[in-house]
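The file start.csv contains CSV, C-alpha atoms:
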chain,number,residue,atom,x,y,z
D,1,MET,CA,-7.3,9.4,15.0
D,2,ASN,CA,-7.0,6.4,17.4
D,3,LEU,CA,-3.8,4.4,17.0
D,4,ARG,CA,-3.5,0.6,17.3
D,5,SER,CA,-0.8,-2.0,17.1
D,6,LEU,CA,0.2,-3.4,13.7
D,7,GLY,CA,-0.7,-7.0,14.5
D,8,ASP,CA,1.5,-8.2,17.4
D,9,THR,CA,4.5,-6.1,16.3
D,10,GLY,CA,4.0,-3.4,18.8
D,11,LEU,CA,4.3,-0.7,16.1
D,12,LEU,CA,1.7,2.0,16.5
D,13,VAL,CA,-0.2,2.8,13.4
D,14,SER,CA,-3.3,4.7,12.3
D,15,PRO,CA,-6.2,2.9,10.6
D,16,LEU,CA,-5.5,5.0,7.5
D,17,GLY,CA,-2.0,5.3,6.2
D,18,LEU,CA,-0.4,7.3,3.3
D,19,GLY,CA,1.2,5.4,0.5
D,20,LEU,CA,3.9,7.3,-1.5
D,21,ALA,CA,3.7,5.3,-4.8
D,22,ALA,CA,1.9,8.2,-6.6
D,23,LEU,CA,4.0,10.9,-5.0
D,24,GLY,CA,7.6,9.7,-5.5
D,25,ARG,CA,7.7,9.4,-9.3
D,26,PRO,CA,6.1,11.2,-12.3
D,27,GLY,CA,4.5,8.0,-13.7
D,28,TYR,CA,2.1,5.6,-12.0
D,29,ILE,CA,-0.9,3.5,-13.0
D,30,ASN,CA,-3.6,5.2,-10.9
D,31,LEU,CA,-6.3,6.6,-13.1
D,32,GLY,CA,-5.9,10.3,-13.5
D,33,HIS,CA,-2.4,10.4,-12.1
D,34,ALA,CA,-1.1,12.8,-14.7
D,35,GLU,CA,-4.0,15.2,-13.9
D,36,ASP,CA,-3.2,14.9,-10.2
D,37,LEU,CA,0.3,16.2,-10.8
D,38,ASN,CA,-0.8,18.9,-13.2
D,39,GLY,CA,2.2,18.1,-15.4
D,40,ASN,CA,4.6,19.4,-12.7
D,41,TYR,CA,7.2,16.7,-12.9
D,42,ALA,CA,10.3,18.6,-11.8
D,43,PRO,CA,11.8,16.8,-8.9
D,44,ALA,CA,11.8,19.9,-6.7
D,45,LEU,CA,8.1,20.5,-7.4
D,46,MET,CA,7.2,16.9,-6.7
D,47,GLU,CA,9.2,17.0,-3.5
D,48,ILE,CA,7.1,20.1,-2.4
D,49,ARG,CA,3.9,18.2,-3.3
D,50,ALA,CA,5.0,15.2,-1.3
D,51,HIS,CA,5.8,17.4,1.7
D,52,GLN,CA,2.4,19.1,1.5
D,53,MET,CA,0.6,15.7,1.4
D,54,LEU,CA,2.7,14.4,4.3
D,55,ASP,CA,1.9,17.6,6.2
D,56,LEU,CA,-1.8,17.1,5.7
D,57,ALA,CA,-1.7,13.4,6.6
D,58,PHE,CA,0.3,14.1,9.8
D,59,GLU,CA,-2.0,16.9,10.8
D,60,ALA,CA,-5.0,14.6,10.3
D,61,GLY,CA,-3.5,11.9,12.5
D,62,ILE,CA,-2.0,9.5,10.0
D,63,ARG,CA,0.9,7.7,11.6
D,64,TYR,CA,1.8,5.1,9.0
D,65,VAL,CA,3.7,6.0,5.8
D,66,ASP,CA,4.5,3.4,3.1
D,67,ALA,CA,7.4,3.7,0.7
D,68,ALA,CA,9.5,1.4,-1.6
D,69,ARG,CA,12.8,1.6,-3.3
D,70,SER,CA,11.0,1.5,-6.7
D,71,TYR,CA,8.8,4.5,-5.9
D,72,GLY,CA,11.2,6.9,-7.6
D,73,ARG,CA,12.4,9.4,-4.9
D,74,ALA,CA,9.7,8.5,-2.4
D,75,GLU,CA,12.2,7.6,0.4
D,76,GLN,CA,14.3,10.7,-0.3
D,77,PHE,CA,11.2,13.0,-0.2
D,78,LEU,CA,10.1,11.3,3.0
D,79,SER,CA,13.5,11.7,4.5
D,80,THR,CA,13.7,15.5,3.8
D,81,TRP,CA,10.2,15.9,5.2
D,82,LEU,CA,11.1,14.1,8.4
D,83,GLU,CA,14.2,16.2,8.8
D,84,SER,CA,12.6,19.6,7.9
D,85,ARG,CA,9.5,19.0,10.2
D,86,HIS,CA,11.6,17.7,13.1
D,87,ILE,CA,9.5,14.5,13.3
D,88,SER,CA,10.9,12.1,15.9
D,89,ALA,CA,11.2,8.4,15.2
D,90,ASP,CA,8.7,7.5,17.8
D,91,GLU,CA,6.0,9.8,16.3
D,92,LEU,CA,5.6,7.8,13.1
D,93,THR,CA,5.8,4.3,11.8
D,94,VAL,CA,7.5,4.0,8.4
D,95,GLY,CA,7.5,0.9,6.2
D,96,SER,CA,9.4,0.4,2.9
D,97,LYS,CA,10.0,-2.4,0.5
D,98,TRP,CA,12.9,-4.0,-1.5
D,99,GLY,CA,12.9,-6.1,-4.6
D,100,TYR,CA,12.0,-3.7,-7.4
D,101,ALA,CA,14.3,-1.1,-8.9
D,102,TYR,CA,13.0,2.2,-10.4
D,103,THR,CA,14.1,2.3,-14.0
D,104,ALA,CA,12.0,5.0,-15.7
D,105,ALA,CA,14.7,7.7,-15.4
D,106,TRP,CA,12.0,10.2,-14.3
D,107,GLN,CA,10.0,9.8,-17.6
D,108,ILE,CA,6.3,9.1,-18.0
D,109,GLU,CA,6.9,6.8,-21.0
D,110,ALA,CA,9.5,4.1,-20.4
D,111,GLU,CA,10.0,0.6,-21.6
D,112,HIS,CA,10.1,-0.5,-18.0
D,113,HIS,CA,9.1,1.6,-15.0
D,114,GLU,CA,10.4,-0.9,-12.5
D,115,ILE,CA,12.3,-4.2,-12.7
D,116,LYS,CA,11.9,-6.9,-10.1
D,117,GLU,CA,14.8,-8.9,-8.8
D,118,HIS,CA,14.5,-11.0,-5.6
D,119,SER,CA,18.2,-11.7,-5.0
D,120,LEU,CA,20.4,-11.5,-1.9
D,121,GLU,CA,22.4,-8.9,-3.6
D,122,ARG,CA,19.4,-6.7,-4.3
D,123,LEU,CA,18.2,-7.1,-0.7
D,124,GLN,CA,21.5,-6.0,0.7
D,125,GLN,CA,21.9,-3.2,-1.8
D,126,GLN,CA,18.5,-1.8,-1.3
D,127,TRP,CA,18.5,-2.2,2.5
D,128,GLY,CA,21.6,0.0,2.6
D,129,GLN,CA,19.9,2.6,0.4
D,130,SER,CA,16.7,2.6,2.5
D,131,GLN,CA,18.8,2.9,5.6
D,132,GLU,CA,20.7,5.8,4.2
D,133,TYR,CA,17.5,7.8,3.7
D,134,LEU,CA,15.3,6.6,6.6
D,135,GLY,CA,17.6,5.3,9.3
D,136,ALA,CA,15.9,4.8,12.6
D,137,TYR,CA,12.5,5.8,11.2
D,138,LEU,CA,12.4,2.6,9.1
D,139,LYS,CA,10.7,0.0,11.3
D,140,LEU,CA,9.1,-2.4,8.7
D,141,TYR,CA,10.9,-3.7,5.7
D,142,GLN,CA,9.0,-5.9,3.2
D,143,ILE,CA,9.6,-8.1,0.2
D,144,HIS,CA,8.0,-6.1,-2.7
D,145,SER,CA,5.5,-8.4,-4.4
D,146,ALA,CA,6.5,-11.8,-3.3
D,147,THR,CA,5.4,-14.4,-5.8
D,148,PHE,CA,6.1,-18.1,-6.5
D,149,GLN,CA,7.7,-17.1,-9.8
D,150,SER,CA,10.5,-15.1,-8.1
D,151,GLY,CA,11.3,-18.0,-5.8
D,152,VAL,CA,12.0,-15.6,-2.9
D,153,LEU,CA,10.1,-17.6,-0.3
D,154,GLU,CA,12.3,-20.6,-1.1
D,155,ASN,CA,15.6,-18.8,-1.2
D,156,ARG,CA,17.4,-19.7,2.1
D,157,GLU,CA,20.0,-17.1,1.7
D,158,ILE,CA,17.4,-14.3,1.6
D,159,LEU,CA,15.3,-15.8,4.3
D,160,THR,CA,18.4,-16.1,6.6
D,161,GLU,CA,19.3,-12.5,5.9
D,162,LEU,CA,15.8,-11.3,6.7
D,163,ALA,CA,15.9,-13.3,9.9
D,164,ARG,CA,19.2,-11.6,10.8
D,165,LEU,CA,17.7,-8.2,10.2
D,166,LYS,CA,14.7,-9.2,12.3
D,167,LYS,CA,17.0,-9.9,15.2
D,168,THR,CA,18.2,-6.3,15.2
D,169,GLY,CA,14.6,-5.2,16.0
D,170,LEU,CA,13.4,-4.6,12.5
D,171,LYS,CA,10.0,-6.0,11.6
D,172,ILE,CA,9.9,-8.1,8.4
D,173,GLY,CA,7.0,-8.3,6.0
D,174,LEU,CA,6.0,-9.1,2.5
D,175,SER,CA,3.7,-7.5,0.0
D,176,LEU,CA,1.5,-9.5,-2.4
D,177,SER,CA,0.2,-9.0,-5.9
D,178,GLY,CA,-1.6,-11.1,-8.5
D,179,ALA,CA,-4.3,-13.8,-8.5
D,180,LYS,CA,-2.2,-16.1,-6.3
D,181,GLN,CA,-2.1,-13.8,-3.3
D,182,THR,CA,-3.8,-16.3,-1.0
D,183,GLU,CA,-1.5,-19.2,-1.9
D,184,VAL,CA,1.6,-17.1,-1.5
D,185,LEU,CA,0.4,-15.8,1.9
D,186,TYR,CA,-0.2,-19.4,3.1
D,187,LYS,CA,3.3,-20.3,2.0
D,188,ALA,CA,4.7,-17.3,4.0
D,189,LEU,CA,2.8,-18.4,7.1
D,190,ASP,CA,4.7,-21.7,7.1
D,191,ILE,CA,8.1,-20.1,7.1
D,192,ARG,CA,9.9,-20.2,10.4
D,193,ILE,CA,13.5,-19.5,11.3
D,194,ASP,CA,14.7,-21.0,14.5
D,195,GLY,CA,11.1,-21.9,15.3
D,196,MET,CA,9.8,-18.3,15.0
D,197,LEU,CA,7.5,-17.0,12.3
D,198,LEU,CA,9.6,-15.0,10.0
D,199,PHE,CA,7.1,-12.5,8.7
D,200,ASP,CA,5.6,-9.9,11.1
D,201,CYS,CA,3.3,-8.3,8.5
D,202,VAL,CA,1.6,-8.7,5.2
D,203,GLN,CA,0.6,-6.0,2.7
D,204,ALA,CA,-2.0,-7.2,0.3
D,205,THR,CA,-4.5,-5.9,-2.3
D,206,TRP,CA,-8.1,-6.1,-1.0
D,207,ASN,CA,-11.0,-4.1,-2.3
D,208,LEU,CA,-14.6,-4.5,-3.4
D,209,LEU,CA,-13.5,-5.9,-6.7
D,210,GLU,CA,-10.8,-8.2,-5.4
D,211,PRO,CA,-11.7,-9.7,-2.0
D,212,SER,CA,-10.4,-13.2,-2.7
D,213,ALA,CA,-7.7,-13.1,0.0
D,214,THR,CA,-10.2,-12.5,2.8
D,215,GLU,CA,-9.8,-15.9,4.6
D,216,ALA,CA,-6.0,-16.0,4.3
D,217,LEU,CA,-5.7,-12.4,5.6
D,218,ARG,CA,-8.0,-13.2,8.5
D,219,GLU,CA,-5.9,-16.2,9.4
D,220,ALA,CA,-2.7,-14.2,9.1
D,221,ARG,CA,-4.1,-11.6,11.5
D,222,ALA,CA,-5.1,-14.4,13.9
D,223,THR,CA,-1.4,-15.5,14.0
D,224,GLY,CA,-0.3,-12.1,15.1
D,225,MET,CA,0.7,-10.7,11.7
D,226,GLY,CA,-0.1,-7.1,10.9
D,227,VAL,CA,-2.3,-6.6,7.9
D,228,ILE,CA,-1.9,-3.6,5.6
D,229,ILE,CA,-4.3,-3.1,2.7
D,230,LYS,CA,-3.1,-1.5,-0.5
D,231,GLU,CA,-5.0,-0.5,-3.7
D,232,ALA,CA,-8.2,-0.2,-1.7
D,233,LEU,CA,-9.6,1.9,-4.5
D,234,ALA,CA,-8.3,-0.5,-7.2
D,235,ASN,CA,-6.0,2.1,-8.7
D,236,GLY,CA,-8.9,4.5,-9.2
D,237,ARG,CA,-11.3,2.0,-10.7
D,238,LEU,CA,-13.5,2.5,-7.6
D,239,THR,CA,-13.8,6.2,-8.1
D,240,ASN,CA,-15.7,8.5,-10.4
D,241,ARG,CA,-12.7,8.4,-12.8
D,242,ASN,CA,-13.5,4.9,-14.0
D,243,GLN,CA,-14.6,5.2,-17.6
D,244,GLU,CA,-14.9,1.4,-18.3
D,245,PRO,CA,-18.3,0.9,-20.1
D,246,GLU,CA,-18.7,-2.5,-18.4
D,247,PHE,CA,-18.3,-0.8,-15.0
D,248,ALA,CA,-21.0,1.9,-15.6
D,249,ASP,CA,-23.8,0.1,-13.8
D,250,LYS,CA,-21.6,-0.6,-10.7
D,251,LEU,CA,-20.4,3.0,-10.7
D,252,ALA,CA,-24.0,4.2,-10.8
D,253,GLN,CA,-24.7,2.0,-7.8
D,254,LEU,CA,-21.8,3.4,-5.9
D,255,ARG,CA,-22.9,6.9,-6.7
D,256,GLU,CA,-26.4,6.2,-5.6
D,257,MET,CA,-25.2,4.7,-2.3
D,258,SER,CA,-22.8,7.5,-1.6
D,259,GLU,CA,-25.5,10.1,-2.1
D,260,ARG,CA,-27.8,8.1,0.2
D,261,LEU,CA,-25.1,8.0,2.8
D,262,ASN,CA,-24.0,11.6,2.2
D,263,THR,CA,-20.5,10.7,1.3
D,264,THR,CA,-18.2,10.2,-1.7
D,265,VAL,CA,-17.6,7.1,-3.9
D,266,ASP,CA,-14.0,6.8,-2.7
D,267,ALA,CA,-14.9,7.1,1.0
D,268,LEU,CA,-17.6,4.5,0.5
D,269,ALA,CA,-15.2,2.0,-1.0
D,270,LEU,CA,-12.6,2.7,1.7
D,271,ALA,CA,-15.1,2.4,4.5
D,272,ALA,CA,-15.9,-1.1,3.3
D,273,VAL,CA,-12.2,-2.0,3.7
D,274,LEU,CA,-11.8,-0.3,7.1
D,275,ALA,CA,-14.8,-2.2,8.4
D,276,GLN,CA,-13.0,-5.5,8.0
D,277,PRO,CA,-12.0,-6.6,11.6
D,278,TRP,CA,-8.7,-8.2,10.5
D,279,VAL,CA,-7.4,-5.0,8.9
D,280,ASP,CA,-4.8,-2.8,10.7
D,281,VAL,CA,-4.0,-0.2,8.1
D,282,VAL,CA,-5.7,0.8,4.8
D,283,LEU,CA,-3.4,2.9,2.6
D,284,SER,CA,-4.6,6.0,0.8
D,285,GLY,CA,-2.7,6.6,-2.5
D,286,ALA,CA,-3.9,10.2,-2.8
D,287,ALA,CA,-1.7,12.7,-4.6
D,288,ARG,CA,-4.0,15.7,-4.2
D,289,ARG,CA,-5.2,17.4,-1.0
D,290,GLU,CA,-8.9,17.1,-1.8
D,291,HIS,CA,-8.6,13.4,-2.5
D,292,LEU,CA,-6.8,12.7,0.8
D,293,LEU,CA,-9.5,14.7,2.6
D,294,SER,CA,-12.2,12.7,0.9
D,295,ASN,CA,-10.3,9.5,1.8
D,296,LEU,CA,-10.1,10.6,5.4
D,297,SER,CA,-13.8,11.0,5.6
D,298,ALA,CA,-14.2,7.2,5.4
D,299,LEU,CA,-13.0,7.0,9.0
D,300,HIS,CA,-16.3,8.5,10.1
D,301,LEU,CA,-18.6,6.5,7.8
D,302,SER,CA,-20.6,3.6,9.2
D,303,LEU,CA,-22.1,1.4,6.5
D,304,ASP,CA,-25.5,-0.1,7.1
D,305,GLU,CA,-26.6,-3.6,6.3
D,306,ALA,CA,-28.2,-2.7,3.0
D,307,ALA,CA,-24.9,-1.1,1.9
D,308,PHE,CA,-22.9,-4.2,2.7
D,309,ASP,CA,-25.4,-6.4,0.9
D,310,GLU,CA,-25.0,-4.4,-2.2
D,311,LEU,CA,-21.2,-4.0,-2.0
D,312,ASN,CA,-20.7,-7.8,-1.6
D,313,ASN,CA,-21.9,-8.2,-5.2
D,314,PHE,CA,-19.1,-6.1,-6.7
D,315,ALA,CA,-16.4,-8.8,-6.7
D,316,GLU,CA,-14.7,-9.9,-9.9
D,317,THR,CA,-12.8,-13.1,-10.4
D,318,PRO,CA,-9.2,-12.7,-9.3
D,319,GLU,CA,-8.1,-13.6,-12.9
D,320,SER,CA,-10.3,-10.9,-14.4
D,321,TYR,CA,-9.3,-8.3,-11.8
D,322,TRP,CA,-5.6,-8.8,-12.3
D,323,GLN,CA,-5.8,-8.9,-16.1
D,324,THR,CA,-7.6,-5.5,-16.0
D,325,ARG,CA,-5.0,-4.1,-13.6
D,326,LYS,CA,-2.2,-5.3,-15.9
D,327,LYS,CA,-3.7,-3.2,-18.8
D,328,LEU,CA,-3.7,0.1,-16.8
D,329,ALA,CA,-1.5,2.7,-18.4
D,330,TRP,CA,1.3,4.5,-16.7
D,331,ASN,CA,0.4,8.2,-16.8
Can you dump the structure from the file as structure tokens?
Amino acid sequence: MNLRSLGDTGLLVSPLGLGLAALGRPGYINLGHAEDLNGNYAPALMEIRAHQMLDLAFEAGIRYVDAARSYGRAEQFLSTWLESRHISADELTVGSKWGYAYTAAWQIEAEHHEIKEHSLERLQQQWGQSQEYLGAYLKLYQIHSATFQSGVLENREILTELARLKKTGLKIGLSLSGAKQTEVLYKALDIRIDGMLLFDCVQATWNLLEPSATEALREARATGMGVIIKEALANGRLTNRNQEPEFADKLAQLREMSERLNTTVDALALAAVLAQPWVDVVLSGAARREHLLSNLSALHLSLDEAAFDELNNFAETPESYWQTRKKLAWN
């Protein structure tokens, strides 16, 4: 797999990365997540599964791995894999995120699976925890789900602390979520400390159903920011697992197109994201071997003009998309 720089950061990444959101904790909102884990929620068994998926990803050439403090034991599982496989810090780029705390106590059903707090205390606490697990491997640290509501992009103490960390050589990013992704990203593009753009990278949701941040992401990439895409399969809604009656016609279209192109529905949806010239990394959220292999096949898929014409009609309004996502059950 050909590597490229993550924006102007100089960090080498593969076009497809592996996200650990579904591998580090027993509950997640991806459709069919419980089925993927086969009810094997014991931490030791989940660690083995995470290691197996990381092995497959690394063997396939994936060189970007995404974690977060709120992904249960994701950082821990990644740490033990790095140590046991003797992976050096220059063989892999690792990113993680701060801001949410995991609060589900390893349960599938919980009042809150994660709680967000964008405070200086949370940043300092979680940076220490991430460092404890990942050390020199951790090269990108991101605000987890920056929004206007949290006020994080106006908190001078936090911005100053992030700038201090950046001076040590760490790359600083932010992830986005919600119908206001575009506006939040434009706000981030205006933040400079000592005349320098603070944020080196943005991680945003972009998929066939929610492409509203296209222009903002294109502009961010033009400034030199790295662009990482998450939820490219819309938490499973852009797969055969989607049972929404109102999505039946679109799913039928995707199936027909995938058959015509001799591929899978998920690979088709991922290929549409990989084809965007401003994208550096697209994350796979796979938790099963066969799903990751199917995702990887997107790297070898070229979409024809007819396919793009059809796929461009899949977009929902941002408000509708995020309302639907909010209703997805943890499983």
Taking 4 positions as the minimum chain separation for residues in the same chain, which residues sit within 6 Å of range 276-281 of chain D when counting only C-alpha atoms? Answer as an mmCIF file with C-alpha atoms, in the coordinates of the input.
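Saved the output as part.cif:
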data_model
loop_
_atom_site.group_PDB
_atom_site.id
_atom_site.type_symbol
_atom_site.label_atom_id
_atom_site.label_comp_id
_atom_site.auth_asym_id
_atom_site.auth_seq_id
_atom_site.Cartn_x
_atom_site.Cartn_y
_atom_site.Cartn_z
ATOM 1 C CA LEU D 6 0.200 -3.400 13.700
ATOM 2 C CA PRO D 15 -6.200 2.900 10.600
ATOM 3 C CA LEU D 16 -5.500 5.000 7.500
ATOM 4 C CA ARG D 218 -8.000 -13.200 8.500
ATOM 5 C CA ARG D 221 -4.100 -11.600 11.500
ATOM 6 C CA VAL D 227 -2.300 -6.600 7.900
ATOM 7 C CA ILE D 228 -1.900 -3.600 5.600
#
**Message:** Would you compute the distance between CA of His300 in chain D and CA of Leu82 in chain D? Give it in Å to one decimal.
**Reply:**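 Separation of CA of His300 in chain D and CA of Leu82 in chain D: 28.0 Å.
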**Request:** Find the distance between CA of Gly178 in chain D and CA of Asp8 in chain D and write it in Å to one decimal.
**Result:**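 Between these atoms lies a distance of 26.2 Å.
Take the candidates D:Arg260, D:Arg4, D:His33, D:His118 and check each one against Asn331 in chain D using only C-alpha atoms; the shortest distance goes to D:His33.
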**Request:** Go through D:Trp106, D:Gly151, D:Gly7, D:Asn262 one by one, measure the shortest atom-to-atom distance of each to Thr223 in chain D using all atoms listed in the file, and give the residue with the smallest value.
**Result:**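 Among the listed residues, D:Gly7 lies closest to Thr223 in chain D.
Comparing the minimum interatomic distances between Val282 in chain D and each of D:Ser175, D:Ser5, D:Thr103, D:Thr205, counting only C-alpha atoms, we find that D:Thr205 sits nearest.
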